[in-house]
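Shown next: protein.cif, containing mmCIF, C-alpha atoms.
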data_start
loop_
_atom_site.label_atom_id
_atom_site.label_comp_id
_atom_site.auth_asym_id
_atom_site.auth_seq_id
_atom_site.Cartn_x
_atom_site.Cartn_y
_atom_site.Cartn_z
CA MET N 1 172.89 52.55 146.86
CA SER N 2 175.18 54.63 149.09
CA GLU N 3 174.69 58.38 149.18
CA ALA N 4 177.35 60.74 147.85
CA PRO N 5 179.34 62.43 150.63
CA ALA N 6 177.91 65.79 151.68
CA GLY N 7 181.29 67.40 152.05
CA VAL N 8 184.97 67.18 152.91
CA ALA N 9 186.03 68.15 156.43
CA MET N 10 189.27 70.15 156.65
CA THR N 11 191.24 72.08 159.22
CA LEU N 12 191.95 75.71 158.38
CA ASP N 13 195.66 74.93 158.05
CA SER N 14 195.00 72.15 155.53
CA LEU N 15 192.57 74.39 153.65
CA ARG N 16 195.21 77.14 153.52
CA GLU N 17 197.81 74.73 152.14
CA LEU N 18 195.34 73.44 149.55
CA ALA N 19 194.46 76.97 148.45
CA ARG N 20 198.12 77.96 148.15
CA ALA N 21 198.97 74.80 146.23
CA LYS N 22 196.07 75.16 143.79
CA LEU N 23 196.81 78.86 143.17
CA ARG N 24 200.40 77.96 142.37
CA ALA N 25 199.19 75.12 140.16
CA ALA N 26 196.99 77.65 138.36
CA GLY N 27 200.12 79.69 137.61
CA LEU N 28 200.14 82.30 140.37
CA ALA N 29 203.51 83.40 141.79
CA GLY N 30 204.22 82.35 145.36
CA ASP N 31 203.80 85.73 147.08
CA HIS N 32 200.52 86.32 145.28
CA ALA N 33 199.32 82.79 146.05
CA ASP N 34 199.96 83.26 149.77
CA ALA N 35 198.15 86.61 149.94
CA VAL N 36 195.18 85.47 147.83
CA ALA N 37 194.82 82.17 149.72
CA GLU N 38 194.60 84.01 153.04
CA THR N 39 191.62 86.03 151.84
CA MET N 40 189.82 82.89 150.65
CA VAL N 41 190.51 81.00 153.87
CA SER N 42 189.28 84.01 155.87
CA GLY N 43 185.98 83.95 153.98
CA GLU N 44 185.51 80.21 154.49
CA ARG N 45 186.57 80.43 158.15
CA ASP N 46 183.98 83.14 158.80
CA GLY N 47 181.09 81.29 157.15
CA CYS N 48 181.03 83.48 154.02
CA ALA N 49 180.73 80.71 151.43
CA SER N 50 180.32 83.02 148.45
CA HIS N 51 183.62 84.70 149.36
CA GLY N 52 185.37 81.58 150.61
CA ILE N 53 187.23 78.76 148.96
CA TYR N 54 184.73 78.81 146.08
CA ARG N 55 186.71 81.82 144.89
CA LEU N 56 189.54 79.46 143.91
CA LEU N 57 187.46 78.63 140.85
CA VAL N 58 186.96 82.34 140.16
CA ALA N 59 190.67 83.08 140.50
CA ASP N 60 191.64 80.11 138.32
CA ARG N 61 189.26 81.29 135.60
CA SER N 62 190.75 84.79 135.65
CA ILE N 63 194.30 83.42 135.47
CA ARG N 64 193.50 81.07 132.59
CA ALA N 65 191.68 83.85 130.73
CA GLY N 66 194.78 86.05 130.91
CA VAL N 67 192.98 88.73 132.93
CA VAL N 68 195.54 88.55 135.78
CA VAL N 69 199.29 89.16 135.60
CA PRO N 70 200.30 86.16 137.75
CA ASP N 71 203.74 87.45 138.77
CA ALA N 72 203.04 91.21 138.97
CA VAL N 73 205.32 93.21 141.27
CA PRO N 74 203.38 95.96 143.09
CA GLN N 75 205.03 99.39 143.04
CA VAL N 76 204.50 101.65 146.07
CA SER N 77 204.69 105.44 145.80
CA GLU N 78 203.79 108.51 147.91
CA PRO N 79 202.01 111.22 145.87
CA LYS N 80 201.48 113.43 148.95
CA ALA N 81 202.20 113.38 152.67
CA GLY N 82 198.90 111.68 153.49
CA LEU N 83 198.59 109.54 150.38
CA VAL N 84 199.89 106.14 149.32
CA ARG N 85 199.53 104.66 145.85
CA VAL N 86 200.26 101.08 144.86
CA ASP N 87 200.35 100.18 141.19
CA GLY N 88 199.45 96.51 141.26
CA GLY N 89 200.70 95.87 137.72
CA GLY N 90 197.62 93.87 136.82
CA GLY N 91 197.92 91.36 139.65
CA PHE N 92 195.33 90.43 142.27
CA ALA N 93 194.61 93.18 144.80
CA GLN N 94 195.64 91.22 147.90
CA LEU N 95 199.40 91.55 147.46
CA ALA N 96 199.12 95.22 146.47
CA PHE N 97 197.20 95.93 149.68
CA GLU N 98 199.71 93.93 151.71
CA ARG N 99 202.56 96.01 150.30
CA GLY N 100 200.80 99.34 150.82
CA MET N 101 199.25 98.80 154.24
CA PRO N 102 202.33 99.46 156.42
CA LEU N 103 202.87 102.89 154.86
CA LEU N 104 199.15 103.67 155.10
CA VAL N 105 199.21 102.89 158.84
CA GLU N 106 202.35 104.96 159.32
CA LYS N 107 200.89 107.96 157.51
CA ALA N 108 197.54 107.72 159.33
CA ARG N 109 199.31 107.81 162.68
CA ALA N 110 201.57 110.67 161.61
CA ASN N 111 198.87 112.83 159.99
CA GLY N 112 195.69 111.65 161.68
CA ILE N 113 194.24 110.52 158.36
CA ALA N 114 195.65 108.89 155.21
CA ALA N 115 194.43 107.28 152.02
CA LEU N 116 195.66 104.33 149.98
CA ALA N 117 194.85 103.97 146.29
CA LEU N 118 195.31 100.58 144.68
CA ASN N 119 195.59 100.86 140.90
CA HIS N 120 195.65 98.29 138.10
CA VAL N 121 194.55 95.37 140.24
CA VAL N 122 192.09 92.50 139.81
CA HIS N 123 189.35 92.08 142.44
CA PHE N 124 187.42 88.97 143.39
CA ALA N 125 186.97 89.21 147.16
CA ALA N 126 185.13 90.99 149.94
CA LEU N 127 186.67 94.11 151.52
CA TRP N 128 186.12 93.27 155.18
CA PRO N 129 189.49 91.50 155.69
CA GLU N 130 191.25 94.76 154.78
CA VAL N 131 189.29 97.09 157.05
CA GLU N 132 189.45 94.52 159.84
CA MET N 133 193.25 94.45 159.60
CA LEU N 134 193.35 98.23 159.85
CA ALA N 135 190.91 98.30 162.77
CA GLU N 136 193.11 95.78 164.56
CA GLN N 137 195.87 98.41 164.25
CA GLY N 138 193.62 100.85 166.14
CA LEU N 139 192.49 102.75 163.05
CA VAL N 140 189.05 103.57 161.69
CA ALA N 141 188.89 102.36 158.09
CA LEU N 142 186.71 102.71 155.00
CA ALA N 143 187.18 100.86 151.71
CA PHE N 144 185.50 101.14 148.31
CA THR N 145 185.89 99.38 144.98
CA PRO N 146 183.85 99.15 141.75
CA SER N 147 183.61 95.87 139.85
CA HIS N 148 182.18 94.91 136.44
CA ALA N 149 179.02 96.63 135.20
CA TRP N 150 176.53 94.02 136.36
CA VAL N 151 174.03 96.20 138.24
CA ALA N 152 171.21 98.38 136.90
CA PRO N 153 170.57 101.80 138.46
CA ALA N 154 167.26 102.26 140.27
CA GLY N 155 164.61 102.92 137.65
CA GLY N 156 166.58 101.15 134.92
CA THR N 157 167.17 97.55 133.82
CA LYS N 158 170.55 97.74 132.05
CA PRO N 159 173.89 97.36 133.85
CA VAL N 160 175.87 100.49 134.73
CA PHE N 161 177.30 99.86 138.21
CA GLY N 162 179.33 97.10 139.72
CA THR N 163 178.32 95.39 142.94
CA ASN N 164 180.40 98.24 144.41
CA PRO N 165 180.98 97.18 148.02
CA ILE N 166 181.57 99.51 150.94
CA ALA N 167 183.41 98.32 154.05
CA PHE N 168 183.93 100.00 157.43
CA GLY N 169 186.04 99.04 160.42
CA TRP N 170 186.03 100.53 163.95
CA PRO N 171 188.59 99.49 166.59
CA ARG N 172 187.30 98.05 169.87
CA PRO N 173 190.21 97.62 172.28
CA GLY N 174 190.14 94.17 173.83
CA ARG N 175 187.36 93.02 171.48
CA ASP N 176 186.89 92.06 167.87
CA PRO N 177 186.54 95.20 165.71
CA PHE N 178 183.15 96.47 164.58
CA VAL N 179 183.16 95.70 160.86
CA PHE N 180 180.61 95.76 158.11
CA ASP N 181 180.96 95.07 154.42
CA PHE N 182 178.09 95.10 151.99
CA ALA N 183 177.55 95.30 148.28
CA THR N 184 175.44 98.19 147.07
CA SER N 185 173.70 95.60 144.88
CA ALA N 186 170.80 93.67 146.40
CA VAL N 187 173.13 90.71 146.94
CA ALA N 188 176.72 89.71 146.24
CA ARG N 189 177.20 88.31 142.73
CA GLY N 190 178.91 85.27 144.22
CA GLU N 191 175.68 84.44 146.03
CA ILE N 192 173.83 84.33 142.70
CA GLU N 193 176.61 82.18 141.25
CA LEU N 194 176.23 79.72 144.14
CA HIS N 195 172.48 79.54 143.49
CA ARG N 196 173.22 78.80 139.84
CA ARG N 197 175.70 76.05 140.74
CA GLU N 198 173.17 74.44 143.07
CA GLY N 199 170.19 74.84 140.73
CA ARG N 200 168.28 77.04 143.18
CA ALA N 201 165.93 79.88 142.28
CA VAL N 202 166.77 83.41 143.43
CA PRO N 203 164.29 85.95 144.84
CA GLU N 204 162.67 88.03 142.11
CA ASP N 205 163.97 91.29 143.59
CA TRP N 206 167.60 90.27 142.97
CA GLY N 207 167.68 91.09 139.28
CA TYR N 208 166.39 91.17 135.72
CA ASP N 209 166.89 88.97 132.69
CA ALA N 210 168.55 90.30 129.53
CA GLU N 211 165.22 91.72 128.32
CA GLY N 212 164.72 93.68 131.53
CA ARG N 213 162.05 91.39 132.98
CA GLY N 214 161.96 90.24 136.60
CA THR N 215 163.16 86.65 137.02
CA THR N 216 163.97 84.03 139.64
CA ASP N 217 166.41 82.20 137.35
CA ALA N 218 169.97 82.70 138.60
CA GLU N 219 171.49 82.17 135.16
CA ALA N 220 169.15 84.76 133.66
CA VAL N 221 170.15 87.34 136.28
CA LEU N 222 173.83 86.65 135.66
CA ASN N 223 173.23 87.28 131.96
CA GLY N 224 170.96 90.28 132.59
CA ALA N 225 171.29 92.83 135.40
CA MET N 226 171.34 92.76 139.17
CA ARG N 227 169.39 95.29 141.24
CA THR N 228 170.67 97.76 143.82
CA PHE N 229 169.63 97.30 147.44
CA GLY N 230 167.20 99.85 148.81
CA GLY N 231 166.23 101.21 145.41
CA HIS N 232 167.46 104.76 144.81
CA LYS N 233 169.54 104.78 148.03
CA GLY N 234 171.68 101.85 146.96
CA SER N 235 171.89 103.34 143.49
CA ALA N 236 173.28 106.62 144.86
CA LEU N 237 175.83 104.77 147.00
CA ALA N 238 176.87 102.69 143.97
CA ALA N 239 177.47 105.90 142.01
CA MET N 240 179.54 107.27 144.90
CA VAL N 241 181.75 104.17 144.86
CA GLU N 242 182.24 104.47 141.10
CA LEU N 243 183.49 108.04 141.55
CA LEU N 244 185.67 107.48 144.62
CA ALA N 245 187.43 104.35 143.36
CA GLY N 246 187.32 105.19 139.66
CA PRO N 247 187.97 108.72 138.34
CA LEU N 248 189.24 110.05 141.71
CA ILE N 249 192.18 107.63 141.69
CA ALA N 250 192.60 107.51 137.89
CA ASP N 251 191.21 104.01 137.54
CA MET N 252 188.36 102.25 135.78
CA THR N 253 184.63 102.53 136.28
CA SER N 254 182.68 99.28 136.27
CA ALA N 255 181.59 99.87 132.66
CA GLU N 256 185.22 100.39 131.62
CA SER N 257 186.26 97.29 133.56
CA ILE N 258 183.83 94.96 131.83
CA ALA N 259 184.77 96.48 128.46
CA ALA N 260 188.46 95.80 129.21
CA ASP N 261 187.59 92.19 130.05
CA GLN N 262 186.63 91.72 126.38
CA GLY N 263 184.31 88.83 127.11
CA ARG N 264 186.92 86.70 128.87
CA GLY N 265 184.74 86.25 131.95
CA GLY N 266 187.43 87.29 134.41
CA SER N 267 187.19 89.13 137.70
CA PRO N 268 186.84 92.93 137.74
CA ILE N 269 189.84 95.05 136.76
CA GLY N 270 190.39 98.44 138.32
CA GLY N 271 191.14 100.20 141.58
CA GLU N 272 190.31 100.49 145.23
CA LEU N 273 190.35 103.39 147.69
CA ILE N 274 191.05 102.80 151.39
CA LEU N 275 190.82 105.56 154.01
CA ALA N 276 192.42 105.18 157.44
CA ILE N 277 191.80 107.53 160.38
CA ASP N 278 193.68 107.48 163.66
CA PRO N 279 191.20 108.37 166.45
CA ALA N 280 194.06 109.81 168.50
CA GLY N 281 194.64 112.33 165.74
CA PHE N 282 191.36 114.00 166.65
CA LEU N 283 191.16 113.08 170.31
CA GLY N 284 194.71 113.02 171.67
CA GLU N 285 194.88 111.77 175.25
CA ALA N 286 191.08 111.62 175.42
CA VAL N 287 190.92 108.84 172.85
CA GLN N 288 190.18 106.05 175.34
CA ALA N 289 187.30 107.93 176.94
CA HIS N 290 185.64 108.54 173.58
CA LEU N 291 186.13 104.95 172.44
CA GLU N 292 184.32 103.94 175.61
CA ARG N 293 181.42 106.21 174.58
CA ALA N 294 181.25 104.22 171.37
CA GLU N 295 181.05 101.03 173.46
CA ALA N 296 177.94 102.46 175.14
CA MET N 297 176.27 102.61 171.74
CA PHE N 298 177.23 99.01 170.96
CA ALA N 299 175.88 97.93 174.35
CA ALA N 300 172.57 99.72 173.65
CA ILE N 301 172.26 97.80 170.37
CA GLU N 302 173.10 94.40 171.80
CA GLY N 303 171.17 95.04 175.02
CA GLN N 304 167.86 94.87 173.17
CA GLY N 305 168.73 91.67 171.35
CA ALA N 306 169.88 93.25 168.10
CA ARG N 307 172.93 91.84 166.35
CA LEU N 308 175.96 93.91 165.45
CA PRO N 309 177.31 93.48 161.91
CA SER N 310 180.15 90.91 161.88
CA GLN N 311 178.90 89.05 164.97
CA ARG N 312 177.76 86.14 162.81
CA ARG N 313 181.19 86.02 161.18
CA TYR N 314 183.00 86.08 164.50
CA ALA N 315 180.80 83.26 165.82
CA ALA N 316 181.50 81.21 162.69
CA ARG N 317 185.21 81.98 163.10
CA ALA N 318 185.23 80.61 166.64
CA ARG N 319 183.63 77.37 165.44
CA SER N 320 185.96 77.02 162.47
CA LEU N 321 189.06 77.58 164.56
CA SER N 322 188.08 74.68 166.81
CA GLU N 323 186.19 72.39 164.45
CA GLY N 324 187.53 73.22 160.98
CA VAL N 325 185.25 73.63 157.96
CA THR N 326 183.35 71.37 155.56
CA ILE N 327 183.70 71.95 151.82
CA PRO N 328 180.77 70.74 149.66
CA ALA N 329 181.79 67.59 147.77
CA GLY N 330 181.07 69.01 144.32
CA LEU N 331 183.04 72.17 145.01
CA TYR N 332 185.94 70.16 146.44
CA ALA N 333 186.05 68.01 143.29
CA ASP N 334 186.13 71.12 141.10
CA ILE N 335 188.92 72.60 143.22
CA MET N 336 190.98 69.42 143.03
CA ALA N 337 190.76 69.58 139.22
CA ILE N 338 192.55 72.95 139.14
CA GLY N 339 195.92 72.58 137.48
CA GLU N 340 195.35 68.92 136.60
#
Would you mind giving the structure from this file in C-alpha cells?
Amino acid sequence: MSEAPAGVAMTLDSLRELARAKLRAAGLAGDHADAVAETMVSGERDGCASHGIYRLLVADRSIRAGVVVPDAVPQVSEPKAGLVRVDGGGGFAQLAFERGMPLLVEKARANGIAALALNHVVHFAALWPEVEMLAEQGLVALAFTPSHAWVAPAGGTKPVFGTNPIAFGWPRPGRDPFVFDFATSAVARGEIELHRREGRAVPEDWGYDAEGRGTTDAEAVLNGAMRTFGGHKGSALAAMVELLAGPLIADMTSAESIAADQGRGGSPIGGELILAIDPAGFLGEAVQAHLERAEAMFAAIEGQGARLPSQRRYAARARSLSEGVTIPAGLYADIMAIGE
C-alpha cells in the first residue's frame, strides 16, 4: 500500500495566487483578498505555520459565519496632529492597516511620534508583519490588539483576556529589522488548534478545561481557558493590552468581542493600536551614531551564541524564497475545498 503524500510543494508566488483565489472564492472583495493573502503568505514563508496558510480556513469560517464584512471600505481620519484613525467597517484588519500606514509614517516623521488606531476590524493574524513594515521605513514601532476572551488571568481559571499580542520593531539600517511578536498567553491559540487538528497532546501548562482543571487535551483547552505566560507578569501585560487597544481607542475588550461573536466561532472583532516613533525626532543628526550603539547591544547578544528574536523567521524566509514551502497534505485538501 502506498503512503499518503506528506505535503504539497509550492513556490511563494503560487501560494500567494492560491490564497488570493480562495479568499475571493470565499466571498472576500479583491482588495481585501490581496491584503489578507499577503499576511498569510508571510507567515508561511517565515516558518510560522500557526499564522500561515492555515489561516485561510480561519478566514473562510469567519466569512461564512457573517463575522466579517467582505467588501468593507476603510475610512481614514485624523483626530489630532499626531493621530490617525481608520474605521475598518467590519472588514479584516489588513486592508485598514494598509490604508492608514502611509499617513502614520508621514505623521511620525513630521512630529517624531504618531499613533494609528484601527477600529471595527476583524483580527486573525500575528502583528509582526505590521511592525516590520514600519521598521523598514526607519521607524520604531509597537502594536497591540486584544482578541476573544480565551485566556484566564493568573490565579483564575475562567477566560477574561484575549491572547493579546504585543509586537515591537526596531530599524537596523542595512539589515533585517529587530522584531518580536508574542502573545501574552502561554502560546498562540493557533498553535493549540494545530495540535487539535493533528491529534497531539499539549503541555499541561498551556491551559485548563471547562471545569478549571489542568489538561493536556487540546480540544479541552480550546473549550476551557488558556493560561498567560509568566504567571502574573503575562497577566498584567494582557490587561495593559486590553486597555490600550480597547477603551483607549473606543473599541472592544476581549470579553466584549466574544460576546459580539454570539457563538458564531469567528475571529476576534475589535481594534488595534500602533505606535510609530521616528528616531531622528529625538536624535536629529546624531541618529546614525545612536543606532550604531544599538548594534553594539545586538552584537553582544549574538556574540555569546544567543539568538535574537526574529532570526529564526529570517532564516526560514531565506529558505522559502529559494526553495518554496511545503503545505501538509490534509491542510492543502481542506484549503482546496474552500468555495467548492
Self-check item: Shell of 9 Å around Ser320 in chain N, all atoms listed in the file, local chain residues under 5 positions omitted, as a list in words
Solution: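 Result of the neighbour search: Thr11, Leu12, Glu44, Arg45, Asp46, Gly47, Ala315 and Val325 of chain N.
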Excluding Leu127 in chain N and any residue of its chain fewer than 6 positions from it, enumerate the residues within 12 Å of it, using all atoms listed in the file, and give them as a short mmCIF file (atom, residue, chain, number, x, y, z; two decimals) with C-alpha atoms, in the frame of the given file.
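Listed below is the output, out06.cif:
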data_model
loop_
_atom_site.label_atom_id
_atom_site.label_comp_id
_atom_site.auth_asym_id
_atom_site.auth_seq_id
_atom_site.Cartn_x
_atom_site.Cartn_y
_atom_site.Cartn_z
CA THR N 39 191.62 86.03 151.84
CA MET N 40 189.82 82.89 150.65
CA SER N 42 189.28 84.01 155.87
CA GLY N 43 185.98 83.95 153.98
CA HIS N 51 183.62 84.70 149.36
CA ALA N 93 194.61 93.18 144.80
CA GLN N 94 195.64 91.22 147.90
CA PHE N 97 197.20 95.93 149.68
CA MET N 133 193.25 94.45 159.60
CA LEU N 134 193.35 98.23 159.85
CA ALA N 141 188.89 102.36 158.09
CA LEU N 142 186.71 102.71 155.00
CA ALA N 143 187.18 100.86 151.71
CA PHE N 144 185.50 101.14 148.31
CA THR N 145 185.89 99.38 144.98
CA PRO N 146 183.85 99.15 141.75
CA ASN N 164 180.40 98.24 144.41
CA PRO N 165 180.98 97.18 148.02
CA ILE N 166 181.57 99.51 150.94
CA ALA N 167 183.41 98.32 154.05
CA PHE N 168 183.93 100.00 157.43
CA GLY N 169 186.04 99.04 160.42
CA VAL N 179 183.16 95.70 160.86
CA PHE N 180 180.61 95.76 158.11
CA ASP N 181 180.96 95.07 154.42
CA PHE N 182 178.09 95.10 151.99
CA ALA N 183 177.55 95.30 148.28
CA GLU N 272 190.31 100.49 145.23
CA LEU N 273 190.35 103.39 147.69
CA ILE N 274 191.05 102.80 151.39
#
Quiz item: Do you know which residues are at most 7 Å from Gly207 in chain N counting all atoms listed in the file, after dropping those on the same chain fewer than 6 positions away, and could you put them as a list in words?
Solution: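 After dropping sequence-adjacent residues, the list is Gly214, Thr215, Val221, Ala225, Met226 and Arg227 of chain N.
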Near Lys22 in chain N, within 12 Å and counting all atoms listed in the file, which residues show up once chain neighbours fewer than 5 positions away are dropped, as an mmCIF file with C-alpha atoms, in the frame of the given file?
data_model
loop_
_atom_site.group_PDB
_atom_site.id
_atom_site.type_symbol
_atom_site.label_atom_id
_atom_site.label_comp_id
_atom_site.auth_asym_id
_atom_site.auth_seq_id
_atom_site.Cartn_x
_atom_site.Cartn_y
_atom_site.Cartn_z
ATOM 1 C CA LEU N 15 192.570 74.390 153.650
ATOM 2 C CA ARG N 16 195.210 77.140 153.520
ATOM 3 C CA GLU N 17 197.810 74.730 152.140
ATOM 4 C CA GLY N 27 200.120 79.690 137.610
ATOM 5 C CA LEU N 28 200.140 82.300 140.370
ATOM 6 C CA ALA N 29 203.510 83.400 141.790
ATOM 7 C CA GLY N 30 204.220 82.350 145.360
ATOM 8 C CA ALA N 33 199.320 82.790 146.050
ATOM 9 C CA ASP N 34 199.960 83.260 149.770
ATOM 10 C CA VAL N 36 195.180 85.470 147.830
ATOM 11 C CA ALA N 37 194.820 82.170 149.720
ATOM 12 C CA ILE N 53 187.230 78.760 148.960
ATOM 13 C CA ARG N 55 186.710 81.820 144.890
ATOM 14 C CA LEU N 56 189.540 79.460 143.910
ATOM 15 C CA LEU N 57 187.460 78.630 140.850
ATOM 16 C CA ALA N 59 190.670 83.080 140.500
ATOM 17 C CA ASP N 60 191.640 80.110 138.320
ATOM 18 C CA ILE N 63 194.300 83.420 135.470
ATOM 19 C CA TYR N 332 185.940 70.160 146.440
ATOM 20 C CA ASP N 334 186.130 71.120 141.100
ATOM 21 C CA ILE N 335 188.920 72.600 143.220
ATOM 22 C CA MET N 336 190.980 69.420 143.030
ATOM 23 C CA ALA N 337 190.760 69.580 139.220
ATOM 24 C CA ILE N 338 192.550 72.950 139.140
ATOM 25 C CA GLY N 339 195.920 72.580 137.480
ATOM 26 C CA GLU N 340 195.350 68.920 136.600
#
Quiz item: If you measure from CA of Leu139 in chain N to CA of Pro171 in chain N, what distance in Å do you get, rounded to one decimal?
Solution: 6.2 Å
Quiz item: Can you list, as a count of residues only, the residues that the PyMOL selection byres ((chain N and resi 65-69) around 12) selects here?
Solution: 41
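Using only C-alpha atoms, the nearest neighbour of Val187 in chain N within the list N:Thr157, N:Thr253, N:Thr228, N:Ser14 is N:Thr228.
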Exercise. For each of N:Glu285, N:Glu198, N:Glu302, N:Asp205, take the minimum atom-to-atom distance to Pro328 in chain N, counting all atoms listed in the file, then give the residue where this is smallest.
Key: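 Nearest candidate to Pro328 in chain N out of N:Glu285, N:Glu198, N:Glu302, N:Asp205: N:Glu198.
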Exercise. Any chance you could resolve the PyMOL selection byres ((chain N and resi 235) around 12) against this file and give the residues as a PyMOL selection string?
Key: chain N and resi 151-156+159-165+183-186+226-234+236-242
Create the file for the chosen residues now, containing C-alpha atoms and written as a CSV table (one decimal), in the coordinates of the input.
chain,number,residue,atom,x,y,z
N,151,VAL,CA,174.0,96.2,138.2
N,152,ALA,CA,171.2,98.4,136.9
N,153,PRO,CA,170.6,101.8,138.5
N,154,ALA,CA,167.3,102.3,140.3
N,155,GLY,CA,164.6,102.9,137.6
N,156,GLY,CA,166.6,101.2,134.9
N,159,PRO,CA,173.9,97.4,133.8
N,160,VAL,CA,175.9,100.5,134.7
N,161,PHE,CA,177.3,99.9,138.2
N,162,GLY,CA,179.3,97.1,139.7
N,163,THR,CA,178.3,95.4,142.9
N,164,ASN,CA,180.4,98.2,144.4
N,165,PRO,CA,181.0,97.2,148.0
N,183,ALA,CA,177.6,95.3,148.3
N,184,THR,CA,175.4,98.2,147.1
N,185,SER,CA,173.7,95.6,144.9
N,186,ALA,CA,170.8,93.7,146.4
N,226,MET,CA,171.3,92.8,139.2
N,227,ARG,CA,169.4,95.3,141.2
N,228,THR,CA,170.7,97.8,143.8
N,229,PHE,CA,169.6,97.3,147.4
N,230,GLY,CA,167.2,99.8,148.8
N,231,GLY,CA,166.2,101.2,145.4
N,232,HIS,CA,167.5,104.8,144.8
N,233,LYS,CA,169.5,104.8,148.0
N,234,GLY,CA,171.7,101.8,147.0
N,236,ALA,CA,173.3,106.6,144.9
N,237,LEU,CA,175.8,104.8,147.0
N,238,ALA,CA,176.9,102.7,144.0
N,239,ALA,CA,177.5,105.9,142.0
N,240,MET,CA,179.5,107.3,144.9
N,241,VAL,CA,181.8,104.2,144.9
N,242,GLU,CA,182.2,104.5,141.1
Write out as a compact mmCIF listing (two decimals) with C-alpha atoms, in the coordinates of the input the residues lying within 12 Å of His195 in chain N, counting all atoms listed in the file and excluding same-chain residues fewer than 4 positions away.
# COMPACT_ATOMS: atom_id res chain seq x y z
CA ALA N 49 180.73 80.71 151.43
CA SER N 50 180.32 83.02 148.45
CA VAL N 187 173.13 90.71 146.94
CA ALA N 188 176.72 89.71 146.24
CA ARG N 189 177.20 88.31 142.73
CA GLY N 190 178.91 85.27 144.22
CA GLU N 191 175.68 84.44 146.03
CA GLY N 199 170.19 74.84 140.73
CA ARG N 200 168.28 77.04 143.18
CA ALA N 201 165.93 79.88 142.28
CA VAL N 202 166.77 83.41 143.43
CA PRO N 203 164.29 85.95 144.84
CA TRP N 206 167.60 90.27 142.97
CA THR N 216 163.97 84.03 139.64
CA ASP N 217 166.41 82.20 137.35
CA ALA N 218 169.97 82.70 138.60
CA GLU N 219 171.49 82.17 135.16
CA ALA N 220 169.15 84.76 133.66
CA VAL N 221 170.15 87.34 136.28
CA LEU N 222 173.83 86.65 135.66
Expand the PyMOL selection byres ((chain N and resi 275-282) around 6) into the individual residues it matches in the shown file, reporting them as a PDB file with C-alpha atoms, in the coordinates of the input.
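selection_9.pdb was written with the following content:
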ATOM      1  CA  ALA N 108     197.540 107.720 159.330  1.00  0.00           C
ATOM      2  CA  ARG N 109     199.310 107.810 162.680  1.00  0.00           C
ATOM      3  CA  GLY N 112     195.690 111.650 161.680  1.00  0.00           C
ATOM      4  CA  ILE N 113     194.240 110.520 158.360  1.00  0.00           C
ATOM      5  CA  ALA N 114     195.650 108.890 155.210  1.00  0.00           C
ATOM      6  CA  ALA N 115     194.430 107.280 152.020  1.00  0.00           C
ATOM      7  CA  LEU N 139     192.490 102.750 163.050  1.00  0.00           C
ATOM      8  CA  VAL N 140     189.050 103.570 161.690  1.00  0.00           C
ATOM      9  CA  ALA N 141     188.890 102.360 158.090  1.00  0.00           C
ATOM     10  CA  LEU N 142     186.710 102.710 155.000  1.00  0.00           C
ATOM     11  CA  ILE N 274     191.050 102.800 151.390  1.00  0.00           C
ATOM     12  CA  LEU N 283     191.160 113.080 170.310  1.00  0.00           C
ATOM     13  CA  GLY N 284     194.710 113.020 171.670  1.00  0.00           C
ATOM     14  CA  VAL N 287     190.920 108.840 172.850  1.00  0.00           C
TER      15      VAL N 287
END
Quiz item: Quick one: of N:Gly330, N:Arg24, N:Glu292, N:Gly271, who's nearest to Ala250 in chain N, counting all atoms listed in the file?
Solution: N:Gly271
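Proximity to Glu136 in chain N was assessed for N:Ile249, N:Ala333, N:Val105, N:Ala9 counting only C-alpha atoms; the smallest distance is recorded for N:Val105.
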Self-check item: One-decimal distance in Å that lies between CA of Glu211 in chain N and CA of Ala259 in chain N
Solution: 20.1 Å
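Here CA of Gln304 in chain N is placed at a distance of 23.7 Å from CA of Ala289 in chain N.
Nearest residue to Leu291 in chain N among N:Trp128, N:His148, N:Gly174, N:Ala6 is N:Gly174, counting all atoms listed in the file.
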Around the point (172.4, 94.3, 164.1) in the file's coordinates, collect all residues with an atom within 12 Å, using all atoms listed in the file, and return them as a PDB file with C-alpha atoms, in the coordinates of the input.
ATOM      1  CA  PHE N 178     183.150  96.470 164.580  1.00  0.00           C
ATOM      2  CA  VAL N 179     183.160  95.700 160.860  1.00  0.00           C
ATOM      3  CA  PHE N 180     180.610  95.760 158.110  1.00  0.00           C
ATOM      4  CA  MET N 297     176.270 102.610 171.740  1.00  0.00           C
ATOM      5  CA  PHE N 298     177.230  99.010 170.960  1.00  0.00           C
ATOM      6  CA  ALA N 299     175.880  97.930 174.350  1.00  0.00           C
ATOM      7  CA  ALA N 300     172.570  99.720 173.650  1.00  0.00           C
ATOM      8  CA  ILE N 301     172.260  97.800 170.370  1.00  0.00           C
ATOM      9  CA  GLU N 302     173.100  94.400 171.800  1.00  0.00           C
ATOM     10  CA  GLY N 303     171.170  95.040 175.020  1.00  0.00           C
ATOM     11  CA  GLN N 304     167.860  94.870 173.170  1.00  0.00           C
ATOM     12  CA  GLY N 305     168.730  91.670 171.350  1.00  0.00           C
ATOM     13  CA  ALA N 306     169.880  93.250 168.100  1.00  0.00           C
ATOM     14  CA  ARG N 307     172.930  91.840 166.350  1.00  0.00           C
ATOM     15  CA  LEU N 308     175.960  93.910 165.450  1.00  0.00           C
ATOM     16  CA  PRO N 309     177.310  93.480 161.910  1.00  0.00           C
ATOM     17  CA  SER N 310     180.150  90.910 161.880  1.00  0.00           C
ATOM     18  CA  GLN N 311     178.900  89.050 164.970  1.00  0.00           C
ATOM     19  CA  ARG N 312     177.760  86.140 162.810  1.00  0.00           C
TER      20      ARG N 312
END
Exercise. Identify which of the residues N:Ala255, N:Ala126, N:Ala286, N:Ala117 lies closest to Cys48 in chain N, counting only C-alpha atoms when measuring atom-to-atom distances.
Key: N:Ala126
